[in-house]
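Engineer: Dropping a structure here in structure tokens format, bear with me for questions.
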Number of protein chains: 2
Amino acid sequence: MTSPNGQHGPDIPRHAIALVSRRTGINQLLLRAWERRYEVTAPGRTATGRRLYSDADIEKLLLLRQLTDVGHRIGDVAHLPVADLRTLAAENAGTPATAPPGAADAVDVGRLLDQAIEAVRSLDHLALEQLFDRASVALSRPLLRRDLIVPLMVRIGELWRCGELRVAQEHMASAIVRSFLTTLNSRHLIPEGAPTLIVATPVGQWHELGALMAVSHALEAGWDVLYLGPNLPAEEIAGAAASRRARAVLLNLVYPAADPAVDSELRQLRRLLDPDTLLLVSGQAATSHGPLLAELGARMIRDPDSFDLALNSIQ
Amino acid sequence: MTSPNGQHGPDIPRHAIALVSRRTGINQLLLRAWERRYEVTAPGRTATGRRLYSDADIEKLLLLRQLTDVGHRIGDVAHLPVADLRTLAAENAGTPATAPPGAADAVDVGRLLDQAIEAVRSLDHLALEQLFDRASVALSRPLLRRDLIVPLMVRIGELWRCGELRVAQEHMASAIVRSFLTTLNSRHLIPEGAPTLIVATPVGQWHELGALMAVSHALEAGWDVLYLGPNLPAEEIAGAAASRRARAVLLNLVYPAADPAVDSELRQLRRLLDPDTLLLVSGQAATSHGPLLAELGARMIRDPDSFDLALNSIQ
DNA sequence: CATCGTCTAGACAAACTCTGGACAAATCCA
DNA sequence: TGGATTTGTCCAGAGTTTGTCTAGACGATG
């Protein structure tokens with residue numbers, strides 16, 4: 001894959017700062033600040049002085065971001081060699097540190113996706129797990145969800161519907177994705193005094209991947225998230241919200257249902273919740289309840305951005 | 001893994017106090033107080049005087065926390081060398097099986113359990129997570145399951161039945177236990193050429209904690225485990241077993257059901273499976289299917305030991 | 001040409017951490 | 001029971017760290 005003359009290799013400076021910022025989730029200002037203060041990167045420059053980052057730079061930045069997310073201070077880890085960053089990050093993730101596969105290859109998300117599908121097809125759970133491990137060092141958390149996990153599950157759903165995948169394969173993929181998300185979520189530093197969000201899935205809805213991704217997102221946004229799992233009656237959710245004085249409740253709806261039961265659960269939930277507690281509804285099926293949500297004053301979450309917006313509006 | 005120049009290794013001071021506090025569940029104030037009063041740690045310092053703890057420090061603190069949780073007074077154990085702390089913690093862990101040697105020790109794990117119940121009661125997910133983190137330092141994996149997780153879930157079940165706990169609390173506990181087990185399972189290295197075990201739960205059975213504990217156990221016994229999650233039809237399980245050439249299939253049954261559907265699923269599974277593939281059935285409800293299991297030549301798994309026996313018999 | 005993205009250097013405020021003393025509840029001991 | 005001890009928590013004031021912001025300039029883009 002990598003040509004011998006070094007046309008692509010991980011050390012060739014070629015990425016503009018905007019791209020690096022997007023991919024790592026690190027503010028441009030902060031990228032420059034880290035460079036100025038700790039010399040975490042030494043990007044090349046264009047003839048006119050603009051930064052050009054290499055793939056290796058991106059990997060290092062992602063590692064640093066992961067480490068600061070779990071509580072390491074940037075000043076403590078900034079000067080460590082990349083190998084140390086990897087082991088440190090691996091300790092946290094709980095996965096044994098794997099040999100770096102070369103960031104250059106991992107960046108091709110489309111190809112990752114194909115490989116993932118292939119692993120699912122052959123029920124190769126090890127391959128799928130390793131693939132996620134690799135991806136998590138090449139993509140920021142939000143991108144991991146948006147560009148790998150969501151498309152993967154959508155694709156698996158399609159293949160299943162057209163008979164190309166069996167239920168067992170879909171189940172395996174779900175189990176592994178769930179495990180991966182859970183592991184990512186498990187070591188999150190929750191800031192003092194963070195507001196509480198409750199996440200659940202209503203009665204009859206068992207799919208929890210969407211809810212788990214919402215948990216990730218909210219954790220990254222600095223919330224204290226109480227995850228109650230799938231299939232929970234409205235009164236239980238409301239009770240938990242009251243007891244924990246939650247600022248918001250997020251309900252993830254998966255099934256394309258115009259299931260009337262969901263309507264009544266939503267109504268009941270809104271009625272039982274403290275009026276000051278915001279009700280958020282996400283998931284593929286959220287749109288089909290649009291009018292009801294408007295009536296109840298519940299907020300529909302269509303995508304990560306609208307989620308951020310909603311979270312910020314009450315924080 | 002560890003470079004000879006000591007770039008990592010357990011004694012390098014590198015963790016900030018916030019991180020240590022979070023990992024050990026010990027308040028920052030208390031960390032400093034213990035250091036001041038008993039010199040339990042002697043963290044390195046940054047150039048500006050901030051504490052930097054080593055991995056060894058963290059382990060010691062976790063042990064101390066574990067011991068104080070169980071009733072030891074900090075002043076009594078603070079000055080002990082780490083080796084002694086370890087044996088002390090291990091003693092505590094082992095006692096419930098054997099006759100209580102001293103009345104003092106009889107409390108131990110029971111007290112952890114009480115704290116866990118309390119955390120569940122108040123929907124305090126952070127406390128519960130930290131409790132598991134701490135427990136996992138002092139207890140071996142098998143003991144963790146036998147003495148903490150299983151009793152905890154049993155107890156929660158009882159409290160729920162008699163109306164002292166709500167569904168939301170049970171859900172939270174399940175979610176956290178699941179997350180914890182998942183994280184433990186993800187750190188496993190699978191030996192070359194390990195035989196494959198498939199673990200699942202039959203149609204209609206959604207509880208997966210038992211299955212996940214079986215996964216842990218089998219991983220520790222050196223198996224390559226393909227976990228398919230809950231609620232899977234017999235033909236799917238059989239298909240997966242064939243495609244992966246599994247040596248054995250484990251089905252976990254939770255519901256006390258004399259559900260006839262389970263019987264037929266079991267029959268069908270046995271019929272579809274390769275005759276050389278061993279069928280194992282575990283879970284509380286396994287016993288109620290005793291005769292059928294005998295008829296099918298399926299092996300009933302009542303406890304960890306019989307599981308080991310079964311695994312060894314085919315490995 | 002206007003707009004946008006990026007550059008440098010300095011400035012700030014919020015959050016974090018430090019020390020050392022103090023306090024109240026729980027526990028122990030006579 | 002009452003006093004002493006232990007132990008977790010708290011405070012105030014000072015210094016540090018870190019993410020964000022500003023201002024003015026220049027190149028890229030259409």
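By convention in this document, the chains of the structure tokens carry letters A, B, ... by their order, each chain's residues are numbered from 1, and ligands are numbered from 1 in the order they are shown.
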Write out as a ChimeraX atom specification all residues of stretch 165-215 of chain B that DSSP puts in strand (DSSP E) for this structure's backbone.
Structural biologist: /B:196-200
Engineer: I need the contact residues of chain D against chain A, so if you could list those with any atom within 10 Å, counting only C-alpha atoms (C1' of nucleotides), and return them as a ChimeraX atom specification, that would help.
Structural biologist: /D:17-21,26-27
Engineer: Based on the selection just made, write N, CA and C atoms (P, O5', C5', C4', C3', O3' and C1' of nucleotides) of those residues as a PDB file, in the first residue's frame.
Structural biologist:
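Once everything was written out, this is out.pdb:
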ATOM      1  P    DT D  17       2.503  24.980  36.515  1.00  0.00           P
ATOM      2  O5'  DT D  17       1.152  24.688  35.752  1.00  0.00           O
ATOM      3  C5'  DT D  17       0.215  23.824  36.352  1.00  0.00           C
ATOM      4  C4'  DT D  17      -1.035  23.756  35.505  1.00  0.00           C
ATOM      5  C3'  DT D  17      -0.804  23.652  33.999  1.00  0.00           C
ATOM      6  O3'  DT D  17      -1.596  22.570  33.567  1.00  0.00           O
ATOM      7  C1'  DT D  17      -2.318  25.409  34.464  1.00  0.00           C
ATOM      8  P    DT D  18      -1.534  21.985  32.119  1.00  0.00           P
ATOM      9  O5'  DT D  18      -2.787  22.709  31.454  1.00  0.00           O
ATOM     10  C5'  DT D  18      -4.058  22.580  32.071  1.00  0.00           C
ATOM     11  C4'  DT D  18      -5.077  23.391  31.311  1.00  0.00           C
ATOM     12  C3'  DT D  18      -4.880  23.388  29.789  1.00  0.00           C
ATOM     13  O3'  DT D  18      -6.140  23.192  29.205  1.00  0.00           O
ATOM     14  C1'  DT D  18      -5.084  25.588  30.569  1.00  0.00           C
ATOM     15  P    DG D  19      -6.276  22.382  27.829  1.00  0.00           P
ATOM     16  O5'  DG D  19      -7.545  23.079  27.174  1.00  0.00           O
ATOM     17  C5'  DG D  19      -8.757  23.115  27.909  1.00  0.00           C
ATOM     18  C4'  DG D  19      -9.479  24.423  27.633  1.00  0.00           C
ATOM     19  C3'  DG D  19      -9.693  24.715  26.147  1.00  0.00           C
ATOM     20  O3'  DG D  19     -11.080  24.991  25.950  1.00  0.00           O
ATOM     21  C1'  DG D  19      -8.682  26.586  27.229  1.00  0.00           C
ATOM     22  P    DT D  20     -11.592  25.385  24.507  1.00  0.00           P
ATOM     23  O5'  DT D  20     -11.544  26.977  24.552  1.00  0.00           O
ATOM     24  C5'  DT D  20     -12.199  27.642  25.611  1.00  0.00           C
ATOM     25  C4'  DT D  20     -11.988  29.145  25.501  1.00  0.00           C
ATOM     26  C3'  DT D  20     -12.272  29.731  24.112  1.00  0.00           C
ATOM     27  O3'  DT D  20     -13.264  30.728  24.255  1.00  0.00           O
ATOM     28  C1'  DT D  20     -10.229  30.555  24.986  1.00  0.00           C
ATOM     29  P    DC D  21     -13.879  31.432  22.961  1.00  0.00           P
ATOM     30  O5'  DC D  21     -13.134  32.843  22.958  1.00  0.00           O
ATOM     31  C5'  DC D  21     -12.964  33.526  24.192  1.00  0.00           C
ATOM     32  C4'  DC D  21     -12.099  34.767  23.997  1.00  0.00           C
ATOM     33  C3'  DC D  21     -12.285  35.459  22.644  1.00  0.00           C
ATOM     34  O3'  DC D  21     -12.697  36.802  22.872  1.00  0.00           O
ATOM     35  C1'  DC D  21      -9.984  35.171  23.155  1.00  0.00           C
ATOM     36  P    DC D  26       1.322  42.656   6.429  1.00  0.00           P
ATOM     37  O5'  DC D  26       1.093  41.244   5.738  1.00  0.00           O
ATOM     38  C5'  DC D  26       1.735  40.108   6.271  1.00  0.00           C
ATOM     39  C4'  DC D  26       1.087  38.884   5.675  1.00  0.00           C
ATOM     40  C3'  DC D  26       0.851  39.000   4.158  1.00  0.00           C
ATOM     41  O3'  DC D  26       1.527  37.950   3.511  1.00  0.00           O
ATOM     42  C1'  DC D  26      -1.067  38.176   5.289  1.00  0.00           C
ATOM     43  P    DG D  27       1.561  37.861   1.933  1.00  0.00           P
ATOM     44  O5'  DG D  27       0.789  36.510   1.641  1.00  0.00           O
ATOM     45  C5'  DG D  27       1.164  35.336   2.340  1.00  0.00           C
ATOM     46  C4'  DG D  27       0.109  34.250   2.130  1.00  0.00           C
ATOM     47  C3'  DG D  27      -0.214  33.950   0.673  1.00  0.00           C
ATOM     48  O3'  DG D  27      -0.417  32.556   0.565  1.00  0.00           O
ATOM     49  C1'  DG D  27      -2.175  34.675   1.769  1.00  0.00           C
TER      50       DG D  27
END
Engineer: Please indicate the distance in Å from atom CA of A:Ala234 to atom CA of A:Leu269, rounded to one decimal place.
Structural biologist: 4.9 Å
Engineer: Find the residues around stretch 59-64 of chain A up to 8 Å (only C-alpha atoms (C1' of nucleotides) counted), leave out those fewer than 2 positions away in its own chain, and share them as a tab-separated table (two decimals) with N, CA and C atoms, in the first residue's frame.
Structural biologist:
chain	number	residue	atom	x	y	z
A	24	THR	N	-9.56	15.56	14.79
A	24	THR	CA	-9.17	15.26	16.17
A	24	THR	C	-10.14	15.84	17.17
A	40	VAL	N	4.08	19.83	21.06
A	40	VAL	CA	3.56	18.49	20.84
A	40	VAL	C	3.69	18.06	19.38
A	55	ASP	N	0.32	12.31	9.11
A	55	ASP	CA	-0.57	11.32	9.73
A	55	ASP	C	-0.09	10.98	11.13
A	56	ALA	N	1.23	10.94	11.29
A	56	ALA	CA	1.77	10.64	12.62
A	56	ALA	C	1.36	11.73	13.61
A	57	ASP	N	1.40	12.99	13.14
A	57	ASP	CA	0.95	14.08	14.01
A	57	ASP	C	-0.48	13.86	14.46
A	66	GLN	N	-7.41	11.81	23.79
A	66	GLN	CA	-8.02	10.72	24.58
A	66	GLN	C	-7.52	10.78	26.01
A	67	LEU	N	-6.25	11.05	26.16
A	67	LEU	CA	-5.68	11.05	27.51
A	67	LEU	C	-6.21	12.22	28.33
A	68	THR	N	-6.29	13.37	27.71
A	68	THR	CA	-6.82	14.50	28.48
A	68	THR	C	-8.30	14.26	28.81
A	74	ILE	N	-2.66	17.91	30.22
A	74	ILE	CA	-1.89	18.03	28.99
A	74	ILE	C	-0.41	18.24	29.29
A	77	VAL	N	1.46	14.92	29.94
A	77	VAL	CA	1.61	13.90	28.90
A	77	VAL	C	2.16	14.45	27.60
A	78	ALA	N	2.16	15.77	27.47
A	78	ALA	CA	2.48	16.37	26.17
A	78	ALA	C	3.87	15.97	25.66
A	82	VAL	N	5.47	8.99	21.50
A	82	VAL	CA	4.20	8.42	21.05
A	82	VAL	C	3.98	7.02	21.60
A	85	LEU	N	2.49	7.21	24.90
A	85	LEU	CA	1.10	7.63	24.81
A	85	LEU	C	0.22	6.45	24.47
A	86	ARG	N	0.70	5.64	23.57
A	86	ARG	CA	-0.10	4.47	23.17
A	86	ARG	C	-0.34	3.54	24.34
A	89	ALA	N	-2.76	5.11	26.76
A	89	ALA	CA	-4.13	5.11	26.24
A	89	ALA	C	-4.70	3.70	26.28
A	103	ALA	N	-0.98	4.82	10.72
A	103	ALA	CA	-2.17	5.64	10.69
A	103	ALA	C	-2.66	5.87	9.27
A	137	VAL	N	-7.85	4.94	17.21
A	137	VAL	CA	-6.63	5.74	17.25
A	137	VAL	C	-6.50	6.60	16.01
A	138	ALA	N	-7.42	6.47	15.10
A	138	ALA	CA	-7.29	7.24	13.87
A	138	ALA	C	-8.40	8.27	13.72
A	139	LEU	N	-9.43	8.13	14.52
A	139	LEU	CA	-10.56	9.04	14.39
A	139	LEU	C	-10.95	9.57	15.76
A	140	SER	N	-11.41	10.79	15.77
A	140	SER	CA	-11.93	11.32	17.01
A	140	SER	C	-13.22	10.58	17.36
Engineer: Distance limit 7 Å, atoms considered: only C-alpha atoms. Which chain A residues sit that close to chain B? Return them as a ChimeraX atom specification.
Structural biologist: /A:71-73,76,94-96,125,167-168,171-172,175,179,182-183,226-229,236-237,240
Engineer: Hey, which bits of chain C sit within 9 Å of chain A, and for each residue what's the closest pair of atoms and how far apart in Å (one decimal), counting only C-alpha atoms (C1' of nucleotides), rows by chain and increasing number, as CSV?
Structural biologist:
residue,atom,partner,partner_atom,distance
C:DG5,C1',A:Ala18,CA,8.7
C:DT6,C1',A:Arg50,CA,6.9
C:DC7,C1',A:Arg50,CA,7.4
Engineer: What is the distance, in Å and to one decimal place, between atom CA of B:Val215 and atom CA of B:Leu311?
Structural biologist: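 Atom-to-atom, atom CA of B:Val215 and atom CA of B:Leu311 are spaced 12.1 Å apart.
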Engineer: Among stretch 40-180 of chain A, which ones does DSSP place in alpha helix (DSSP H), written as a ChimeraX atom specification?
Structural biologist: /A:55-69,74-77,82-93,103-106,109-121,125-136,141-143,150-161,167-180
Engineer: With C-alpha atoms retained, could you export that selection as a CSV table (one decimal), in the first residue's frame?
Structural biologist:
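What ended up in out.csv:
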chain,number,residue,atom,x,y,z
A,55,ASP,CA,-0.6,11.3,9.7
A,56,ALA,CA,1.8,10.6,12.6
A,57,ASP,CA,1.0,14.1,14.0
A,58,ILE,CA,-2.7,13.3,13.8
A,59,GLU,CA,-2.3,10.0,15.7
A,60,LYS,CA,-0.3,11.7,18.4
A,61,LEU,CA,-2.9,14.5,18.8
A,62,LEU,CA,-5.7,11.9,19.0
A,63,LEU,CA,-3.9,10.0,21.7
A,64,LEU,CA,-3.3,13.2,23.6
A,65,ARG,CA,-7.0,14.1,23.3
A,66,GLN,CA,-8.0,10.7,24.6
A,67,LEU,CA,-5.7,11.0,27.5
A,68,THR,CA,-6.8,14.5,28.5
A,69,ASP,CA,-10.4,13.3,28.2
A,74,ILE,CA,-1.9,18.0,29.0
A,75,GLY,CA,1.2,19.3,30.6
A,76,ASP,CA,2.0,15.9,32.1
A,77,VAL,CA,1.6,13.9,28.9
A,82,VAL,CA,4.2,8.4,21.1
A,83,ALA,CA,4.9,4.9,22.2
A,84,ASP,CA,4.3,5.9,25.8
A,85,LEU,CA,1.1,7.6,24.8
A,86,ARG,CA,-0.1,4.5,23.2
A,87,THR,CA,0.5,2.3,26.2
A,88,LEU,CA,-1.1,4.9,28.5
A,89,ALA,CA,-4.1,5.1,26.2
A,90,ALA,CA,-4.3,1.3,26.0
A,91,GLU,CA,-4.3,1.0,29.7
A,92,ASN,CA,-7.3,3.2,29.9
A,93,ALA,CA,-9.2,1.6,27.1
A,103,ALA,CA,-2.2,5.6,10.7
A,104,ALA,CA,-2.1,6.2,7.0
A,105,ASP,CA,-4.1,3.1,6.3
A,106,ALA,CA,-6.6,3.6,9.0
A,109,VAL,CA,-12.9,5.1,6.5
A,110,GLY,CA,-14.6,3.6,3.5
A,111,ARG,CA,-12.2,0.8,3.5
A,112,LEU,CA,-12.5,0.3,7.2
A,113,LEU,CA,-16.2,-0.1,6.7
A,114,ASP,CA,-15.7,-2.7,4.1
A,115,GLN,CA,-13.4,-4.6,6.3
A,116,ALA,CA,-15.9,-4.4,9.1
A,117,ILE,CA,-18.7,-5.8,7.0
A,118,GLU,CA,-16.4,-8.6,5.9
A,119,ALA,CA,-15.6,-9.4,9.5
A,120,VAL,CA,-19.3,-9.5,10.4
A,121,ARG,CA,-20.0,-11.7,7.4
A,125,HIS,CA,-15.3,-11.1,16.3
A,126,LEU,CA,-11.6,-10.7,16.8
A,127,ALA,CA,-11.1,-9.0,13.5
A,128,LEU,CA,-14.0,-6.7,14.2
A,129,GLU,CA,-12.7,-5.8,17.7
A,130,GLN,CA,-9.2,-5.1,16.4
A,131,LEU,CA,-10.7,-3.0,13.7
A,132,PHE,CA,-12.5,-0.8,16.2
A,133,ASP,CA,-9.3,-0.5,18.2
A,134,ARG,CA,-7.4,0.7,15.2
A,135,ALA,CA,-10.2,3.1,14.2
A,136,SER,CA,-10.2,4.6,17.7
A,141,ARG,CA,-14.8,10.0,19.0
A,142,PRO,CA,-17.5,11.9,17.2
A,143,LEU,CA,-16.2,10.8,13.8
A,150,VAL,CA,-23.5,4.4,12.4
A,151,PRO,CA,-22.8,3.6,8.8
A,152,LEU,CA,-21.8,0.1,9.8
A,153,MET,CA,-25.0,-0.6,11.6
A,154,VAL,CA,-27.1,0.9,8.9
A,155,ARG,CA,-25.4,-1.2,6.3
A,156,ILE,CA,-25.8,-4.3,8.4
A,157,GLY,CA,-29.5,-3.5,8.7
A,158,GLU,CA,-29.8,-3.3,4.9
A,159,LEU,CA,-27.9,-6.4,4.3
A,160,TRP,CA,-30.1,-8.2,6.8
A,161,ARG,CA,-33.3,-7.0,5.2
A,167,VAL,CA,-29.6,-12.6,12.6
A,168,ALA,CA,-26.6,-14.1,14.3
A,169,GLN,CA,-24.3,-11.9,12.4
A,170,GLU,CA,-26.3,-8.8,13.2
A,171,HIS,CA,-26.3,-9.9,16.9
A,172,MET,CA,-22.6,-10.4,17.0
A,173,ALA,CA,-22.0,-7.0,15.5
A,174,SER,CA,-24.4,-5.4,18.0
A,175,ALA,CA,-22.7,-7.1,20.9
A,176,ILE,CA,-19.3,-5.9,19.8
A,177,VAL,CA,-20.3,-2.4,19.0
A,178,ARG,CA,-22.0,-2.2,22.3
A,179,SER,CA,-19.0,-3.5,24.1
A,180,PHE,CA,-16.8,-1.0,22.3
Engineer: Can you tell me how far atom CA of A:Asp303 sits from atom CA of A:Ser282, in Å to one decimal?
Structural biologist: 8.2 Å
Engineer: Give me, as a list in words, all polymer residues having an atom no more than 9 Å from B:Ile314, counting only C-alpha atoms (C1' of nucleotides) and skipping those fewer than 4 positions away in the same chain.
Structural biologist: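 So the residues in contact are Arg247, Ala248, Leu278, Leu309 and Ala310 of chain B.
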